[in-house]
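What follows is a set of notes on a single structure, which appears directly below.
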Amino acid sequence: MDNLTMEQQQVVEEKSNVANVDFRMVTFTLAGRDYAIDIMKVKEISKDNKFTYVPNAAPFVVGVYNLRGDIISVIDLRVFFNQMNSHDRSTARDLENMIILRLEDHTIAVIVDTIDKVVGIPSETIQPPHPLFGDINVKYISGIVESENKLYVILDVERIFNSEETDSLEPASMPVVADIPVAAEVVGNESEDELNIKFISESLATFNKMHVTSVNMDWVRERYSSWSKGRRGAGKEVQFQDENDAYKFMEPFHSPYTGNLWDNDYIEAVKKLLPQDMGSTFYILNGGCGNGLESYSLASIVKKTHPGTLLKILAYDNDLMAISTAPSLNIDKDFAPEFYRDQLVESVSGSWQFNEGIRNSVIFEYHDMVNNANLPALDFVVIRDLLSLLKPEAQMHVISLVMENLKPGGVLMVGKHEKIDVNMGFEEQVVDGINVYIKK
């Protein structure tokens, strides 16, 4: 990487770190400290305060809970580890944050202060446990790891809640579910779906780099509805069990023809978005251009419909490999839609590329759009699905950047499942299924 800039080296290193993520953990807090549990031991998260009180139980036993027909023990980890005093479990109280654990022999729920998110890390970054970390016996800690400027104590829940191990704990051993009398049926958790959505949203950020905000929340809720029905119908867990689940959840999100030349139906829809009078020069910003096929699709449409207009497409992406190969991208002419074939020329190597006029109209640049750029007054902006791949503050920054540089009457084209707040100065339109926003 000696020939790469510092920024380019950072991108390569970040991609390498993502590729090495092989351990996921659910993070939470107890008494102001950060802890984590291996996600493979987590069945789901929940929130409730309706537990069946068990008389004469150990102080850390909140009671039992009806988890969709399964009666499970509920343990308050704060009391279990002597980090707070127990109180009258028979009285109503605020909703408790629960992590439902799927252990080797049984399922239990543990109450924590707050549930944070799912964090993915390379397992080699986990350090051995040390007595200096946490207020918990070191033998119940599987490791220590630092991530995003936080130091997490990873609990070994199998050892903590193993019947042989818990005999020596203070407080005394955890009661077995079968030994706990059920006084009454526990009311189910009304907010389970909302918590599942939050849990899934954190997983999407970790594994798909998709950040759930108002831009895409409507789609996430709709997708969750069909996802949860399908998973439960198949007897599977609603929450992601591995990285493949996260990718399956995301499959329907991407806009049509992502990574491909736009086909005839999409071309006809985009034509309707272009002004009849473009003037002498027409500027398009294509953020997240990827391999360049989206930019070439735009260039071909404008060149055919407005041949006398000087077209300039600013094509940005932070994928160094994609942006470096896009200017000389080869096209399989036999599989290219008919619309493009008269704009392809054969190179000396026998491959097909877009003609010089198309290629000269597109300026490919390594840029992440989060950092400010010197932009001309823009007529048309295409950032399909890009916003969802940015952190919330970056999403707002890019929208503000577009708003600042887009001409009045200019068009902003976002992803099929993305929405922009019209109060930011836009008028929303849907043209043949394409979401666009017109600057007022």
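In the structure tokens, the first chain shown is A, the next is B, and so on; residue numbers restart at 1 for each chain, and ligands run from 1 in the order shown.
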Give me the residues within 7 Å of segment 399-408 of chain A as a PyMOL selection string, counting only C-alpha atoms and dropping any in the same chain fewer than 2 places off.
chain A and resi 375-379+395-397+410+439-440
Next, write the just-selected residues to a file, as a tab-separated table (two decimals), in the first residue's frame, keeping N, CA and C atoms as the atom set.
```
chain	number	residue	atom	x	y	z
A	375	LEU	N	-18.76	22.11	-5.26
A	375	LEU	CA	-19.72	21.68	-6.26
A	375	LEU	C	-20.25	22.86	-7.05
A	376	PRO	N	-20.51	22.67	-8.33
A	376	PRO	CA	-21.19	23.71	-9.11
A	376	PRO	C	-22.68	23.70	-8.77
A	377	ALA	N	-23.41	24.63	-9.33
A	377	ALA	CA	-24.87	24.61	-9.18
A	377	ALA	C	-25.40	23.38	-9.93
A	378	LEU	N	-26.09	22.52	-9.21
A	378	LEU	CA	-26.49	21.22	-9.75
A	378	LEU	C	-27.92	21.26	-10.28
A	379	ASP	N	-28.14	20.53	-11.38
A	379	ASP	CA	-29.47	20.41	-11.96
A	379	ASP	C	-30.16	19.12	-11.54
A	395	GLN	N	-25.94	11.46	7.07
A	395	GLN	CA	-27.13	11.57	6.23
A	395	GLN	C	-27.60	13.01	6.16
A	396	MET	N	-27.70	13.65	7.32
A	396	MET	CA	-28.16	15.05	7.36
A	396	MET	C	-27.18	15.97	6.65
A	397	HIS	N	-25.89	15.66	6.78
A	397	HIS	CA	-24.88	16.49	6.12
A	397	HIS	C	-25.03	16.42	4.60
A	410	GLY	N	-34.50	21.91	-9.25
A	410	GLY	CA	-33.63	20.76	-9.50
A	410	GLY	C	-34.19	19.50	-8.87
A	439	LYS	N	-36.52	20.63	-5.52
A	439	LYS	CA	-36.19	21.75	-4.64
A	439	LYS	C	-37.13	22.91	-4.93
A	440	LYS	N	-37.71	23.43	-3.87
A	440	LYS	CA	-38.65	24.56	-3.99
A	440	LYS	C	-37.90	25.85	-4.30
```
Alpha helix (DSSP H) per DSSP on the backbone: members of segment 24-112 of chain A, as a ChimeraX atom specification:
/A:77-80
Save the residues we just selected, C-alpha atoms, as a PDB file, in the first residue's frame?
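Saved result, part20.pdb, follows:
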```
ATOM      1  CA  LEU A  77     -28.231  -9.312  37.108  1.00  0.00           C
ATOM      2  CA  ARG A  78     -27.821  -6.130  39.133  1.00  0.00           C
ATOM      3  CA  VAL A  79     -28.861  -7.952  42.303  1.00  0.00           C
ATOM      4  CA  PHE A  80     -27.173 -11.183  41.228  1.00  0.00           C
TER       5      PHE A  80
END
```
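Candidate residues A:Glu365, A:Asp38, A:Asp332, A:Asp105 were compared for distance to Leu314 of chain A, and the nearest is A:Glu365, using only C-alpha atoms.
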From the set A:Ile323, A:Met278, A:Leu329, A:Val42, which residue has the shortest atom-to-atom contact distance to Tyr296 of chain A, counting only C-alpha atoms?
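Among the listed residues, the smallest separation from Tyr296 of chain A belongs to A:Leu329.
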If you count only C-alpha atoms, the residue of A:Phe60, A:Phe81, A:Phe161, A:Phe426 closest to Glu104 of chain A turns out to be A:Phe161
Name the residues of segment 117-339 of chain A that fall into strand (DSSP E) according to DSSP on the backbone, using the chain letters and numbers of this document, as JSON, numbers by chain.
{"A": [117, 118, 119, 120, 121, 141, 142, 143, 144, 145, 146, 147, 150, 151, 152, 153, 154, 155, 281, 282, 283, 284, 285, 286, 287, 310, 311, 312, 313, 314, 315, 316, 317]}
Output file for the residues above (N, CA and C atoms, as a compact mmCIF listing (two decimals), in the first residue's frame):
```
# COMPACT_ATOMS: atom_id res chain seq x y z
N LYS A 117 -26.44 -2.16 21.93
CA LYS A 117 -26.51 -2.55 20.52
C LYS A 117 -25.72 -3.82 20.29
N VAL A 118 -25.74 -4.27 19.04
CA VAL A 118 -24.92 -5.41 18.62
C VAL A 118 -23.60 -4.86 18.09
N VAL A 119 -22.50 -5.39 18.56
CA VAL A 119 -21.18 -4.95 18.14
C VAL A 119 -20.45 -6.14 17.51
N GLY A 120 -19.91 -5.94 16.33
CA GLY A 120 -19.12 -6.96 15.67
C GLY A 120 -17.64 -6.66 15.78
N ILE A 121 -16.84 -7.64 16.14
CA ILE A 121 -15.39 -7.44 16.32
C ILE A 121 -14.63 -8.65 15.80
N ILE A 141 -15.90 -14.22 33.59
CA ILE A 141 -15.63 -13.31 32.46
C ILE A 141 -14.86 -14.09 31.40
N SER A 142 -15.36 -14.06 30.17
CA SER A 142 -14.67 -14.80 29.10
C SER A 142 -13.61 -13.95 28.41
N GLY A 143 -13.69 -12.64 28.54
CA GLY A 143 -12.68 -11.80 27.91
C GLY A 143 -13.00 -10.33 28.04
N ILE A 144 -12.05 -9.50 27.61
CA ILE A 144 -12.18 -8.04 27.61
C ILE A 144 -11.88 -7.56 26.20
N VAL A 145 -12.66 -6.62 25.70
CA VAL A 145 -12.39 -6.10 24.37
C VAL A 145 -12.74 -4.62 24.30
N GLU A 146 -11.96 -3.88 23.53
CA GLU A 146 -12.23 -2.47 23.32
C GLU A 146 -12.81 -2.28 21.92
N SER A 147 -13.90 -1.53 21.81
CA SER A 147 -14.54 -1.25 20.52
C SER A 147 -15.21 0.10 20.60
N LYS A 150 -15.00 2.07 23.77
CA LYS A 150 -15.60 1.51 24.98
C LYS A 150 -14.91 0.20 25.31
N LEU A 151 -14.76 -0.05 26.61
CA LEU A 151 -14.14 -1.29 27.07
C LEU A 151 -15.25 -2.21 27.58
N TYR A 152 -15.43 -3.35 26.91
CA TYR A 152 -16.51 -4.26 27.25
C TYR A 152 -15.98 -5.48 28.02
N VAL A 153 -16.69 -5.83 29.08
CA VAL A 153 -16.43 -7.06 29.81
C VAL A 153 -17.40 -8.11 29.26
N ILE A 154 -16.87 -9.17 28.66
CA ILE A 154 -17.70 -10.20 28.04
C ILE A 154 -17.97 -11.29 29.07
N LEU A 155 -19.25 -11.48 29.40
CA LEU A 155 -19.63 -12.45 30.42
C LEU A 155 -19.73 -13.86 29.82
N THR A 281 -25.59 23.85 -20.45
CA THR A 281 -24.81 22.93 -19.62
C THR A 281 -25.72 22.32 -18.56
N PHE A 282 -25.55 21.03 -18.34
CA PHE A 282 -26.39 20.32 -17.37
C PHE A 282 -25.49 19.54 -16.43
N TYR A 283 -25.58 19.87 -15.13
CA TYR A 283 -24.72 19.24 -14.13
C TYR A 283 -25.50 18.20 -13.31
N ILE A 284 -24.94 16.99 -13.25
CA ILE A 284 -25.52 15.90 -12.46
C ILE A 284 -24.49 15.45 -11.43
N LEU A 285 -24.95 15.27 -10.20
CA LEU A 285 -24.12 14.66 -9.16
C LEU A 285 -24.62 13.24 -8.93
N ASN A 286 -23.73 12.26 -9.10
CA ASN A 286 -24.08 10.86 -8.88
C ASN A 286 -23.24 10.32 -7.71
N GLY A 287 -23.78 10.43 -6.50
CA GLY A 287 -23.07 9.97 -5.32
C GLY A 287 -23.27 8.47 -5.12
N LEU A 310 -24.25 20.34 -23.15
CA LEU A 310 -22.97 19.95 -22.57
C LEU A 310 -23.26 19.30 -21.22
N LEU A 311 -22.97 18.01 -21.10
CA LEU A 311 -23.29 17.26 -19.90
C LEU A 311 -22.04 17.02 -19.05
N LYS A 312 -22.17 17.26 -17.76
CA LYS A 312 -21.11 16.97 -16.81
C LYS A 312 -21.69 16.18 -15.65
N ILE A 313 -21.23 14.94 -15.49
CA ILE A 313 -21.67 14.10 -14.38
C ILE A 313 -20.52 13.93 -13.40
N LEU A 314 -20.71 14.40 -12.18
CA LEU A 314 -19.72 14.23 -11.12
C LEU A 314 -20.04 12.92 -10.41
N ALA A 315 -19.24 11.89 -10.66
CA ALA A 315 -19.50 10.55 -10.14
C ALA A 315 -18.57 10.26 -8.98
N TYR A 316 -19.13 10.18 -7.75
CA TYR A 316 -18.33 10.00 -6.54
C TYR A 316 -18.59 8.62 -5.93
N ASP A 317 -17.53 8.05 -5.35
CA ASP A 317 -17.68 6.83 -4.56
C ASP A 317 -16.43 6.68 -3.70
```
Could you pull the residues within 7 Å of Asn355 of chain A, counting only C-alpha atoms, minus those fewer than 5 positions along the same chain, as a PyMOL selection string?
chain A and resi 343-345
Between atom CA of Asn318 of chain A and atom CA of Asn264 of chain A, what is the spacing in Å?
28.5 Å
Just checking: using only C-alpha atoms, which residue out of A:Val138, A:Leu389, A:Ile75, A:Val422 ends up closest to Ala58 of chain A?
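Closest candidate: A:Ile75.
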Would you mind telling me which residue in A:Val74, A:Leu101, A:Ile434, A:Ile358 lies nearest to Ile267 of chain A when using only C-alpha atoms?
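Selected residue with least distance to Ile267 of chain A: A:Ile434.
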As number ranges by chain, please: the residues near Arg231 of chain A (cut-off 12 Å, only C-alpha atoms, same-chain neighbours under 5 positions excluded).
A: 224-226, 236-241, 245, 248-249
Selection: 8 Å around segment 333-342 of chain A, only C-alpha atoms, excl. self and same-chain fewer than 3 positions, as a VMD selection string
chain A and resid 261 263 to 264 300 352
Taking N, CA and C atoms for each residue, export the selection above as a compact mmCIF listing (two decimals), in the first residue's frame.
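Result file follows (result-v5.txt):
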```
# COMPACT_ATOMS: atom_id res chain seq x y z
N LEU A 261 -26.62 -1.68 -15.81
CA LEU A 261 -27.18 -0.65 -16.67
C LEU A 261 -28.70 -0.63 -16.48
N ASP A 263 -32.49 -0.60 -17.34
CA ASP A 263 -33.22 -1.21 -18.45
C ASP A 263 -34.29 -0.25 -18.97
N ASN A 264 -34.98 -0.69 -20.05
CA ASN A 264 -35.85 0.21 -20.80
C ASN A 264 -36.95 0.86 -19.96
N SER A 300 -25.99 8.24 -20.98
CA SER A 300 -26.60 7.76 -22.23
C SER A 300 -27.99 8.36 -22.43
N TRP A 352 -15.74 -4.08 -25.42
CA TRP A 352 -16.63 -2.97 -25.75
C TRP A 352 -16.69 -1.98 -24.60
```
